[in-house]
Amino acid sequence: MEAFFNWLNGIIWSNALIALCLGAGLWFTLRTRVMQVRGFAEMCRLTVTGQKSDAGVSSFQALAISMAGRMGIGNIAGVATAIAYGGPGAVFWMWVMGFLGASTSYIECTLAQIYKEKDGEGRYRGGPAYYIEKAMGLKWYAVTFAVATVIATGLLLPGVQANAIADSASTVLCSLGSCEAAGVTGGMKLWIGVGVAALLALIIFGGIKRIATFAEIVVPFMALAFILMAVLVMIFNADKVPGMFSDIFSSAFGAHAAFGAIIGQAIAWGVKRGIYANEAGQGTGPHAAAAAEVSHPAKQGYVQAFAIYFDTMLVCTSTAFLVLSTGMYNTFRTVTENGVQKLEAIVTGVPGLQPAEGALYTQAAVESVLPGGGAIFVAVALFFFAFTTIMAYYYMAETNLTYLAGVKKTHPLATLLLRLGIVGMVIFGAYHNAAMAWTLGDIGVGLMAWLNVIAILILQKPALIALRDYERQKKLGVDPVFDPEALGIRNADFWKTKA
């Protein structure tokens, strides 16, 4: 069974999906006339302005919720793993995917705003399932996406993030002798899981408003702290920074003597890491985008395009600069001997570490500057990154559960079961090996990406119309207001009835 799921995961996350996401980003960049460059100042302005209401959260809160989902363990561990498989050149291709992904994020998040609706409690709801049904008219397609999302984000992926928290925290606590002192050497991960689950329950039982409030405080704090650490490490290794940039650009195009032979791996892993990290096109960001209180859908499209920049160009890049500027990374190439594939080291900056042990590379990088503090800093960073991701997962699952209910208000029992389910999976995932859950979660998220990218390629027109309308009104010097009927956009029922 495990072999089957690994095979299925390989099919879903094949080069075809990478090519689809990369191609979609390039297409949307052209169709929006490179809005991620032309509109950069507007992105920044809209991110810190806007208002919230009883029905919706502010643009910044929606950004914080979506960023909570984007910034998980992959930002710390995944980037280092990409360098291990693709060399420094993978970082350049990660930037390329981040740049193109900003336009993809604009399209999907603007669509989520256009086709959002109010639930039975007066809160905004929206996302791929909503715009697939309303704009495409394919209920089965929308239901398929919603089911995949509930299973992946509500039951499978939370355990993976919780396992990363428990592994990192227990390593630090046990190294300090806390395990032996408390007499719980074998059960430390379980108790950590219980603590994380209790904190999660305290937040998610408070609904979207409490999630938004927590996210807008914690997400900027954790991201900025991590970025500042990367800057500090680079200052201590200033003499190596020019060489680091040289390695990134030369190996990205196969010109580096050591990394030239793995240019294919650099492109594949850089693009794949970009997709995994910023999630542009996966259909996760639109859920939070739909919850924002804005006068025009394009406003939140701009804000969510900025989210891709922030995640890829700042947070993921910080991890890359941490390991590259300190030399604390390994890079491998795949070789075949006697018909058997194996990894051969090209660079060995941290002897003994394998590609999958990404967080340990980041830990080693911080340790090289702050001896004794690397493990603690990475454990704290992993906690905040992973915990806020679990929180965002719950919101995505709840939104799709509401959609599947087919009524304005989800049955309280269904919501309670989802909340108890995700809390239980956090405890279970923290204590048990999460390898299979990660594979199954990848399958769910990969299926979401296939369904969503195909949908937004078909449904892009309303988002493009909204962009032109927004820019037209801005030139007139007014605060843009959305009127779907005047623009010929059908089934945008919320905007037609909005007071």
# chains A, B, ... in the order shown; residues from 1 in each chain; ligands from 1

$ select_by_dssp --residues "segment 29-204 of chain A" --states "helix (DSSP H, G or I)" --output "ChimeraX atom specification"
/A:29-31,35-38,40-47,59-70,73-86,89-114,128-136,139-175,178-182,188-204

$ residues_around --residues "Thr399 of chain A" --least-positions-apart "4" --cutoff "7 Å" --atoms "only C-alpha atoms" --output "short mmCIF file (atom, residue, chain, number, x, y, z; two decimals) with C-alpha atoms, in the first residue's frame"
data_model
loop_
_atom_site.label_atom_id
_atom_site.label_comp_id
_atom_site.auth_asym_id
_atom_site.auth_seq_id
_atom_site.Cartn_x
_atom_site.Cartn_y
_atom_site.Cartn_z
CA ARG A 125 -16.69 32.38 2.37
CA TYR A 395 -9.65 27.44 8.08
CA TYR A 403 -19.30 24.47 0.81
#

$ residues_around --residues "Ala449 of chain A" --least-positions-apart "5" --cutoff "7 Å" --atoms "only C-alpha atoms" --output "compact mmCIF listing (two decimals) with C-alpha atoms, in the first residue's frame"
# COMPACT_ATOMS: atom_id res chain seq x y z
CA GLY A 281 -1.96 27.96 -8.04
CA GLN A 282 -2.56 25.28 -5.42
CA GLY A 283 -5.85 26.87 -4.41

$ residues_around --residues "segment 194-204 of chain A" --least-positions-apart "5" --cutoff "6 Å" --atoms "only C-alpha atoms" --output "count of residues only"
3

$ atom_distance --atom1 "atom CA of Gly441 of chain A" --atom2 "atom CA of Pro158 of chain A"
9.0 Å

$ select_by_dssp --residues "segment 191-356 of chain A" --states "strand (DSSP E)" --output "ChimeraX atom specification"
/A:330-337,340-348

$ closest_atom_pairs --of "segment 283-338 of chain A" --to "segment 237-250 of chain A" --cutoff "7 Å" --atoms "only C-alpha atoms" --output "tab-separated table"
residue	atom	partner	partner_atom	distance
A:Leu324	CA	A:Met244	CA	6.2
A:Ser325	CA	A:Val241	CA	5.8
A:Thr326	CA	A:Asn237	CA	6.6

$ closest_residue --among "A:Phe482, A:Tyr361, A:Phe428, A:Phe4" --to "Tyr329 of chain A" --atoms "only C-alpha atoms"
A:Tyr361

$ closest_residue --among "A:Ala212, A:Leu322, A:Met396, A:Val91" --to "Ile235 of chain A" --atoms "only C-alpha atoms"
A:Leu322

$ closest_residue --among "A:Leu224, A:Phe306, A:Thr388, A:Met97" --to "Gly23 of chain A" --atoms "only C-alpha atoms"
A:Met97

$ residues_around --residues "Thr415 of chain A" --least-positions-apart "5" --cutoff "9 Å" --atoms "only C-alpha atoms" --output "VMD selection string"
chain A and resid 398 401 to 402 410 420

$ write_last_selection --atoms "N, CA and C atoms" --output "PDB file, in the first residue's frame"
ATOM      1  N   GLU A 398     -12.429  24.056   6.990  1.00  0.00           N
ATOM      2  CA  GLU A 398     -13.748  24.514   7.427  1.00  0.00           C
ATOM      3  C   GLU A 398     -14.510  25.183   6.286  1.00  0.00           C
ATOM      4  N   LEU A 401     -15.731  22.523   4.023  1.00  0.00           N
ATOM      5  CA  LEU A 401     -16.804  21.771   4.680  1.00  0.00           C
ATOM      6  C   LEU A 401     -18.107  22.551   4.573  1.00  0.00           C
ATOM      7  N   THR A 402     -18.033  23.868   4.751  1.00  0.00           N
ATOM      8  CA  THR A 402     -19.214  24.722   4.597  1.00  0.00           C
ATOM      9  C   THR A 402     -19.762  24.613   3.179  1.00  0.00           C
ATOM     10  N   THR A 410     -23.253  25.457   8.138  1.00  0.00           N
ATOM     11  CA  THR A 410     -22.847  24.070   8.350  1.00  0.00           C
ATOM     12  C   THR A 410     -23.413  23.570   9.674  1.00  0.00           C
ATOM     13  N   LEU A 420     -12.428  18.670  16.314  1.00  0.00           N
ATOM     14  CA  LEU A 420     -11.882  17.585  17.130  1.00  0.00           C
ATOM     15  C   LEU A 420     -10.950  16.701  16.309  1.00  0.00           C
TER      16      LEU A 420
END

$ atom_distance --atom1 "atom CA of Ala365 of chain A" --atom2 "atom CA of Val233 of chain A"
8.0 Å
